[in-house]
Amino acid sequence: MDASWIPDELAYAGPEHLDPAFVAGYDRKAGYEAGTRSDVDEDIAALAEQGVDGTLVDLGAGTGRLALAAAPEFRRVVAVDVSPAMQHVIRDRAAQAGLSNVECVRAGFLTYEHAGPPADAVCTRNALHQLPDFWKALALERVAGVLRPGGVLRLRDLIFDFHPREADEVIGRWLDGAATDPALGYTREDFAEHLRTEFSTFRWLLEPMLDAAGFEIVQVAFRGPIYGAYTCVKR
Ligand SMILES: C[S@@+](CC[C@H](N)C(=O)[O-])C[C@H]1O[C@@H](n2cnc3c(N)ncnc32)[C@H](O)[C@@H]1O
């Protein structure tokens, strides 16, 4: 792509994800430290169900929770994130855990260049919403380019499973259920900021994008009207 019209992904990455202080508290805020979050295990199980165990690329890997937990299940894991602060954490954790099959690459959905044989699986968790829809569609096309035919995409994100006319009511309920302590969860203000400045899309827009990128959706599960997870196979 002509670099003159590609957005600077760092400018879209969410300033908090670039801030070492926020990143240091990320696992606590995201609920990983409380031990109550099972979605990493669900994503690894969803990949295992598809029988993939070669190369996994985690796009928007954050602090590496999925990439590091998946390392024993895959020959090669590439943890990609656009944030230097997040990459720093993953590198340290992989080294401390002695995980020699985890590679860290600082890149974004729109700039990651996959090296080596095509990947068997790509996972992306709570990151694709950082891009506007036009760029999501191009990012999914690039994800398909990273995968071998029959390769698997596991996608988890804040995705809206409701009609626009329900927005007031659904978003109101979401905000009402937010955390009150910003160190321990996402607050009402965090959710409002997500809506104002990030690009969660509707389910009924995302699914045609997946299809256009060459994916067959083989499994989908929504936890309420905001959070969805997909397993897709590249045709
Ligand atoms: C909410 S965190 C999710 C991290 C991790 N996947 C998880 O589930 O805990 C979003 C991550 O996406 C990264 N990110 C934002 N924009 C990105 C982009 N365009 N390409 C790759 N990563 C991006 C951020 O730096 C951040 O680490």
# chains A, B, ... in the order shown; residues from 1 in each chain; ligands from 1
$ residues_around --residues "region 71-78 of chain A" --least-positions-apart "2" --cutoff "8 Å" --atoms "only C-alpha atoms" --output "number ranges by chain"
A: 52-58, 67-69, 80, 99, 101-105
$ residues_near_ligand --ligand "ligand 1" --cutoff "8 Å" --atoms "only C-alpha atoms and all ligand atoms" --output "mmCIF file with C-alpha atoms, in the first residue's frame"
data_model
loop_
_atom_site.group_PDB
_atom_site.id
_atom_site.type_symbol
_atom_site.label_atom_id
_atom_site.label_comp_id
_atom_site.auth_asym_id
_atom_site.auth_seq_id
_atom_site.Cartn_x
_atom_site.Cartn_y
_atom_site.Cartn_z
ATOM 1 C CA GLU A 9 -1.542 3.005 13.775
ATOM 2 C CA LEU A 10 0.119 4.404 16.871
ATOM 3 C CA TYR A 12 -5.181 4.988 16.663
ATOM 4 C CA ALA A 13 -3.763 2.589 19.250
ATOM 5 C CA GLY A 14 -5.375 4.246 22.273
ATOM 6 C CA HIS A 17 -1.770 1.451 25.540
ATOM 7 C CA LEU A 18 1.369 3.469 24.831
ATOM 8 C CA ASP A 27 -3.512 -7.008 33.690
ATOM 9 C CA ALA A 30 -8.386 -6.128 32.479
ATOM 10 C CA VAL A 40 -7.879 -16.732 27.139
ATOM 11 C CA ASP A 58 -1.429 -12.871 17.971
ATOM 12 C CA LEU A 59 -2.251 -9.418 16.604
ATOM 13 C CA GLY A 60 -2.644 -6.677 19.193
ATOM 14 C CA ALA A 61 -1.124 -9.055 21.732
ATOM 15 C CA GLY A 62 -1.055 -6.535 24.600
ATOM 16 C CA THR A 63 0.775 -7.892 27.657
ATOM 17 C CA GLY A 64 0.919 -11.302 26.007
ATOM 18 C CA ARG A 65 -1.636 -13.185 28.089
ATOM 19 C CA LEU A 66 -2.859 -15.239 25.120
ATOM 20 C CA VAL A 80 2.547 -8.569 17.444
ATOM 21 C CA ASP A 81 1.641 -5.224 18.963
ATOM 22 C CA VAL A 82 2.026 -1.662 17.809
ATOM 23 C CA SER A 83 2.787 -0.375 21.333
ATOM 24 C CA PRO A 84 6.452 -0.345 22.406
ATOM 25 C CA MET A 86 3.267 -3.625 25.494
ATOM 26 C CA ALA A 107 3.924 -3.753 14.174
ATOM 27 C CA GLY A 108 0.266 -3.104 13.533
ATOM 28 C CA PHE A 109 -2.561 -4.813 11.658
ATOM 29 C CA LEU A 110 -1.700 -2.704 8.620
ATOM 30 C CA THR A 111 2.077 -3.040 8.738
ATOM 31 C CA THR A 124 -6.762 -11.090 17.832
ATOM 32 C CA ARG A 125 -8.378 -10.096 21.087
ATOM 33 C CA ASN A 126 -9.967 -6.754 21.888
ATOM 34 C CA ALA A 127 -7.781 -4.875 19.419
ATOM 35 C CA LEU A 128 -9.460 -4.731 15.989
ATOM 36 C CA GLN A 130 -8.928 0.375 17.310
ATOM 37 C CA LEU A 131 -9.326 0.720 13.540
#
$ residues_around --residues "Leu206 (chain A)" --least-positions-apart "6" --cutoff "9 Å" --atoms "only C-alpha atoms" --output "list in words"
Asp133, Lys136, Ala137 and Ile159 of chain A
$ write_last_selection --atoms "C-alpha atoms" --output "CSV table (one decimal), in the first residue's frame"
chain,number,residue,atom,x,y,z
A,133,ASP,CA,-14.3,0.0,9.5
A,136,LYS,CA,-10.8,-3.2,9.7
A,137,ALA,CA,-11.8,-4.6,6.3
A,159,ILE,CA,-18.8,-5.9,18.8
$ residues_around --residues "region 165-176 of chain A" --least-positions-apart "4" --cutoff "8 Å" --atoms "only C-alpha atoms" --output "PyMOL selection string"
chain A and resi 187-188+191-192+225
$ write_last_selection --atoms "C-alpha atoms" --output "PDB file, in the first residue's frame"
ATOM      1  CA  THR A 187     -15.345   2.315  34.316  1.00  0.00           C
ATOM      2  CA  ARG A 188     -18.305   4.180  32.907  1.00  0.00           C
ATOM      3  CA  PHE A 191     -16.666   2.831  28.192  1.00  0.00           C
ATOM      4  CA  ALA A 192     -17.820   6.329  27.167  1.00  0.00           C
ATOM      5  CA  PRO A 225     -24.946  -7.404  23.112  1.00  0.00           C
TER       6      PRO A 225
END
$ residues_around --residues "Leu153 (chain A)" --least-positions-apart "2" --cutoff "8 Å" --atoms "only C-alpha atoms" --output "VMD selection string"
chain A and resid 121 to 124 151 155 230 to 234
$ closest_residue --among "A:Ala139, A:Ala45, A:Ala212, A:Ala183" --to "Lys29 (chain A)" --atoms "only C-alpha atoms"
A:Ala183
$ atom_distance --atom1 "CA of Glu33 (chain A)" --atom2 "CA of Leu195 (chain A)"
25.5 Å
$ decode --residues "region 91-118 of chain A" --atoms "C-alpha atoms" --output "mmCIF file, in the first residue's frame"
data_model
loop_
_atom_site.group_PDB
_atom_site.id
_atom_site.type_symbol
_atom_site.label_atom_id
_atom_site.label_comp_id
_atom_site.auth_asym_id
_atom_site.auth_seq_id
_atom_site.Cartn_x
_atom_site.Cartn_y
_atom_site.Cartn_z
ATOM 1 C CA ARG A 91 9.533 -9.703 25.698
ATOM 2 C CA ASP A 92 10.350 -9.664 29.424
ATOM 3 C CA ARG A 93 7.689 -12.240 30.266
ATOM 4 C CA ALA A 94 8.679 -14.581 27.435
ATOM 5 C CA ALA A 95 12.330 -14.377 28.506
ATOM 6 C CA GLN A 96 11.491 -14.915 32.178
ATOM 7 C CA ALA A 97 9.372 -17.927 31.318
ATOM 8 C CA GLY A 98 12.144 -19.293 29.041
ATOM 9 C CA LEU A 99 9.726 -19.509 26.108
ATOM 10 C CA SER A 100 12.083 -19.786 23.149
ATOM 11 C CA ASN A 101 9.221 -20.258 20.643
ATOM 12 C CA VAL A 102 7.687 -16.809 21.285
ATOM 13 C CA GLU A 103 8.781 -13.990 18.965
ATOM 14 C CA CYS A 104 7.853 -10.375 19.560
ATOM 15 C CA VAL A 105 7.240 -8.026 16.654
ATOM 16 C CA ARG A 106 6.366 -4.367 16.995
ATOM 17 C CA ALA A 107 3.924 -3.753 14.174
ATOM 18 C CA GLY A 108 0.266 -3.104 13.533
ATOM 19 C CA PHE A 109 -2.561 -4.813 11.658
ATOM 20 C CA LEU A 110 -1.700 -2.704 8.620
ATOM 21 C CA THR A 111 2.077 -3.040 8.738
ATOM 22 C CA TYR A 112 2.859 -6.541 10.068
ATOM 23 C CA GLU A 113 4.904 -8.470 7.514
ATOM 24 C CA HIS A 114 4.770 -12.182 8.232
ATOM 25 C CA ALA A 115 8.101 -14.014 7.826
ATOM 26 C CA GLY A 116 8.397 -17.754 7.297
ATOM 27 C CA PRO A 117 5.736 -20.265 6.250
ATOM 28 C CA PRO A 118 2.122 -19.031 6.329
#
